[in-house]
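Taking it in order: structure first as structure tokens, then the write-up.
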Amino acid sequence: MATQTLPGGTFTMAEGLTVTRMGYGAMQLAGPGVFGPPKDRDAAITVLREAVELGITHIDTSDYYGPHVTNQIIKEALHPYPDELHIVTKVGAYRDVKGGWPHARSPEQLRQAVHDNLIHLGLEALDIVNLRVGGFDSPEPGSIAEPFTALAEMQQEGLIKHLGISTVSAEQLAEAQSIAPIVCVQNFYNLAHRVDDALIESLAAQGAAYVPYFPLGGFTPLQSSTLESVATHLEATPMAVALAWLLQRSPNVLLIPGTSSVAHLRDNIKGAALTLSEDELTELNSIG
């Protein structure tokens, strides 16, 4: 696997857990609204196999994508998994019949979710499980001790190798770290949404990864004349510039852009390899 050809190189989150900083987010492999099966299952399988062929060793998923659909496609496409491939999943929600995302954080619900991930991915232990708390794109105040303790107990049982958290505040991170080690934090962060700047630096000092989601704003795309201007100057897409900016932001930032298209997958990798000059970085940093 040609990991050295991917932009950003690799990052080591823990002993035996080194991933390419250029990862792949599998959310879009499910149907519209991340609900139900994809229109073209064979295309989804092709994208996953291409990601691994290109050297990506970090795939982000969840059993509530679909639900179950994305993990089942990952298993069909890639199992038995290469030794160097690390699949990161998340728990803490489920899908209702209307396609909503209600919380599911009781110890019983989390245990069921972990077992569902194990079954649908075809694994005996999960590499990393993120506890997803907070709202759609920002943390919600309150203790996360009970649900995180439940995951820590499953880690002790050998069902989970490493733990992470998602959509959390610095206070919730500290609370979780008082219970068990954290190897990654996955939060909403991009050029225009820079609330976590200090958190990224803190995690970098600790050797922990920061995994931003929605690099272009998610379902409400980031509209920025500055971003458009820089992209036009570089003859690149706004997504390419946004990914390159994240990769240059800090060495502990890991990217997980998602797509159901092989062409877009290659475009994302090519885009992330852009080198932004100091002037371009200064211009882009003014957005936040």
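Letters A, B, ... mark the chains of the structure tokens in the order given; residue numbers begin at 1 per chain; ligand numbers begin at 1, in order shown.
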Segment 197-277 of chain A residues near segment 116-137 of chain A within 12 Å, closest pair each, using only C-alpha atoms, as a tab-separated table:
residue	atom	partner	partner_atom	distance
A:Ala209	CA	A:Ile128	CA	11.9
A:Tyr210	CA	A:Asn130	CA	12.0
A:Val211	CA	A:Asn130	CA	11.0
A:Pro212	CA	A:Asp137	CA	10.8
A:Tyr213	CA	A:Asp137	CA	9.0
A:Phe214	CA	A:Asp137	CA	9.0
A:Pro215	CA	A:Asp137	CA	11.9
A:Gly217	CA	A:Asp137	CA	9.5
A:Gly218	CA	A:Asp137	CA	9.3
A:Phe219	CA	A:Asp137	CA	10.7
A:Thr220	CA	A:Asp137	CA	11.3
Preceding selection exported with N, CA and C atoms as a JSON list (two decimals), in the first residue's frame:
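Output saved as part36.json:
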[["chain", "number", "residue", "atom", "x", "y", "z"],
["A", 209, "ALA", "N", -5.12, 12.73, 18.35],
["A", 209, "ALA", "CA", -5.57, 13.20, 17.04],
["A", 209, "ALA", "C", -6.81, 14.07, 17.17],
["A", 210, "TYR", "N", -6.92, 15.01, 16.23],
["A", 210, "TYR", "CA", -8.13, 15.81, 16.09],
["A", 210, "TYR", "C", -8.68, 15.55, 14.70],
["A", 211, "VAL", "N", -9.94, 15.15, 14.63],
["A", 211, "VAL", "CA", -10.55, 14.73, 13.37],
["A", 211, "VAL", "C", -11.74, 15.64, 13.07],
["A", 212, "PRO", "N", -11.55, 16.65, 12.22],
["A", 212, "PRO", "CA", -12.64, 17.57, 11.92],
["A", 212, "PRO", "C", -13.64, 16.96, 10.94],
["A", 213, "TYR", "N", -14.92, 17.19, 11.21],
["A", 213, "TYR", "CA", -15.90, 16.79, 10.21],
["A", 213, "TYR", "C", -16.55, 18.04, 9.61],
["A", 214, "PHE", "N", -17.15, 17.87, 8.43],
["A", 214, "PHE", "CA", -17.75, 18.95, 7.64],
["A", 214, "PHE", "C", -16.73, 20.04, 7.29],
["A", 215, "PRO", "N", -15.69, 19.69, 6.51],
["A", 215, "PRO", "CA", -14.65, 20.68, 6.15],
["A", 215, "PRO", "C", -15.18, 21.84, 5.33],
["A", 217, "GLY", "N", -18.56, 22.80, 5.76],
["A", 217, "GLY", "CA", -19.80, 23.23, 6.40],
["A", 217, "GLY", "C", -20.91, 22.21, 6.42],
["A", 218, "GLY", "N", -20.72, 21.07, 5.78],
["A", 218, "GLY", "CA", -21.73, 20.02, 5.85],
["A", 218, "GLY", "C", -22.92, 20.30, 4.97],
["A", 219, "PHE", "N", -24.12, 20.14, 5.55],
["A", 219, "PHE", "CA", -25.35, 20.25, 4.76],
["A", 219, "PHE", "C", -25.70, 21.69, 4.41],
["A", 220, "THR", "N", -25.03, 22.66, 5.05],
["A", 220, "THR", "CA", -25.18, 24.07, 4.67],
["A", 220, "THR", "C", -23.80, 24.56, 4.26]]
Determine which residues of segment 124-204 of chain A receive a DSSP assignment of helix (DSSP H, G or I), computed from the backbone, and state them as a list of chain:residue names.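 So the helix (DSSP H, G or I) residues in segment 124-204 of chain A would be A:Ala145, A:Glu146, A:Pro147, A:Phe148, A:Thr149, A:Ala150, A:Leu151, A:Ala152, A:Glu153, A:Met154, A:Gln155, A:Gln156, A:Ala170, A:Glu171, A:Gln172, A:Leu173, A:Ala174, A:Glu175, A:Ala176, A:Gln177, A:Asp197, A:Ala198, A:Leu199, A:Ile200, A:Glu201, A:Ser202, A:Leu203, A:Ala204.
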Would you please extract all strand (DSSP E) residues from segment 3-237 of chain A, as assigned by DSSP on the backbone, and give them as a PyMOL selection string? chain A and resi 10-14+17-20+24-25+58-60+86-91+126-132+160-166+184-188+209-213
Prev. selection, C-alpha atoms, output as a compact mmCIF listing (two decimals), in the first residue's frame:
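Wrote part32.txt, looks like this:
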# COMPACT_ATOMS: atom_id res chain seq x y z
CA THR A 10 0.90 9.44 8.81
CA PHE A 11 0.02 10.04 12.45
CA THR A 12 0.47 7.65 15.36
CA MET A 13 -2.39 7.80 17.86
CA ALA A 14 -1.16 4.97 20.07
CA LEU A 17 -2.20 2.55 15.76
CA THR A 18 -0.64 4.58 12.94
CA VAL A 19 -2.95 5.90 10.22
CA THR A 20 -2.66 8.00 7.10
CA TYR A 24 -11.96 8.34 4.23
CA GLY A 25 -15.40 8.99 5.70
CA HIS A 58 -8.17 5.19 8.21
CA ILE A 59 -11.86 4.64 7.46
CA ASP A 60 -14.48 6.43 9.56
CA HIS A 86 -7.94 0.86 10.91
CA ILE A 87 -11.72 1.27 11.01
CA VAL A 88 -13.00 3.92 13.41
CA THR A 89 -16.66 3.80 14.39
CA LYS A 90 -18.93 5.83 16.63
CA VAL A 91 -21.84 5.12 18.95
CA LEU A 126 -13.07 -2.52 17.27
CA ASP A 127 -9.92 -0.41 16.69
CA ILE A 128 -11.45 2.87 17.89
CA VAL A 129 -14.93 3.70 19.13
CA ASN A 130 -15.93 7.36 19.42
CA LEU A 131 -18.66 8.26 21.87
CA ARG A 132 -20.83 10.72 19.94
CA ILE A 160 -12.71 -2.07 21.99
CA LYS A 161 -8.99 -1.33 21.57
CA HIS A 162 -9.02 2.48 21.82
CA LEU A 163 -11.50 5.22 22.74
CA GLY A 164 -12.38 8.61 21.29
CA ILE A 165 -15.12 11.18 21.71
CA SER A 166 -17.07 13.34 19.29
CA CYS A 184 -8.88 11.15 19.14
CA VAL A 185 -11.51 13.86 19.24
CA GLN A 186 -13.90 14.28 16.33
CA ASN A 187 -15.58 17.70 16.24
CA PHE A 188 -17.15 20.14 13.79
CA ALA A 209 -5.57 13.20 17.04
CA TYR A 210 -8.13 15.81 16.09
CA VAL A 211 -10.55 14.73 13.37
CA PRO A 212 -12.64 17.57 11.92
CA TYR A 213 -15.90 16.79 10.21
From the list A:Ile179, A:His264, A:Gly258, A:Glu280, which residue is nearest Thr226 of chain A when using only C-alpha atoms? A:Glu280
Find the residues around segment 97-112 of chain A up to 6 Å (only C-alpha atoms counted), leave out those fewer than 4 positions away in its own chain, and share them as a ChimeraX atom specification. /A:92-93,147,150
In Å, how far is it from atom CA of Glu278 of chain A to atom CA of Leu199 of chain A?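 Atom CA of Leu199 of chain A lies at a distance of 22.7 Å from atom CA of Glu278 of chain A.
Minimum distance to Ala26 of chain A across A:Val114, A:Ala152, A:Leu159, A:Ile256 (counting only C-alpha atoms) occurs at A:Ile256.
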When you count only C-alpha atoms, which of these residues is closest to Gly31 of chain A: A:Ile73, A:Leu78, A:Val168, A:Leu234?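 Using only C-alpha atoms, Gly31 of chain A sits closest to A:Ile73.
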Please, which residues in segment 214-273 of chain A fall within 12 Å of segment 39-48 of chain A when counting only C-alpha atoms, and what is the closest atom pair and distance in Å to one decimal for each, ordered by chain then residue number, as a tab-separated table?
residue	atom	partner	partner_atom	distance
A:Gly258	CA	A:Val47	CA	10.1
A:Thr259	CA	A:Val47	CA	8.1
A:Ser260	CA	A:Ala44	CA	5.8
A:Ser261	CA	A:Val47	CA	6.3
A:Val262	CA	A:Val47	CA	5.2
A:Ala263	CA	A:Val47	CA	9.0
A:His264	CA	A:Val47	CA	9.5
A:Leu265	CA	A:Val47	CA	7.6
A:Arg266	CA	A:Val47	CA	9.9
Take the residues from that selection and put them in a file with N, CA, C and O atoms, as a short mmCIF file (atom, residue, chain, number, x, y, z; two decimals), in the first residue's frame.
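After the write, out_12.cif holds the following:
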data_model
loop_
_atom_site.label_atom_id
_atom_site.label_comp_id
_atom_site.auth_asym_id
_atom_site.auth_seq_id
_atom_site.Cartn_x
_atom_site.Cartn_y
_atom_site.Cartn_z
N GLY A 258 -15.72 12.47 2.80
CA GLY A 258 -16.48 11.34 2.28
C GLY A 258 -16.96 11.58 0.87
O GLY A 258 -17.15 12.72 0.43
N THR A 259 -17.14 10.51 0.14
CA THR A 259 -17.69 10.58 -1.21
C THR A 259 -18.12 9.19 -1.63
O THR A 259 -17.60 8.19 -1.12
N SER A 260 -19.06 9.13 -2.55
CA SER A 260 -19.46 7.85 -3.12
C SER A 260 -18.91 7.68 -4.54
O SER A 260 -19.30 6.77 -5.26
N SER A 261 -17.99 8.58 -4.91
CA SER A 261 -17.44 8.60 -6.28
C SER A 261 -15.93 8.42 -6.26
O SER A 261 -15.22 9.10 -5.51
N VAL A 262 -15.43 7.52 -7.09
CA VAL A 262 -13.98 7.31 -7.20
C VAL A 262 -13.31 8.58 -7.69
O VAL A 262 -12.23 8.97 -7.19
N ALA A 263 -13.93 9.27 -8.64
CA ALA A 263 -13.34 10.50 -9.16
C ALA A 263 -13.20 11.55 -8.06
O ALA A 263 -12.17 12.22 -7.94
N HIS A 264 -14.24 11.70 -7.23
CA HIS A 264 -14.18 12.67 -6.14
C HIS A 264 -13.16 12.25 -5.09
O HIS A 264 -12.49 13.10 -4.49
N LEU A 265 -13.04 10.96 -4.85
CA LEU A 265 -12.04 10.45 -3.91
C LEU A 265 -10.64 10.87 -4.36
O LEU A 265 -9.85 11.41 -3.58
N ARG A 266 -10.36 10.67 -5.63
CA ARG A 266 -9.04 11.05 -6.16
C ARG A 266 -8.86 12.57 -6.13
O ARG A 266 -7.77 13.06 -5.83
#
In Å, with one decimal, what is the gap from atom CA of Ala272 of chain A to atom CA of Gly33 of chain A? 25.7 Å
Counting only C-alpha atoms, which of A:Leu254, A:Ile144, A:Ala236, A:Leu281 gets nearest to Asp267 of chain A?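 Looking only at the distances to Asp267 of chain A, the closest residue turns out to be A:Ala236.
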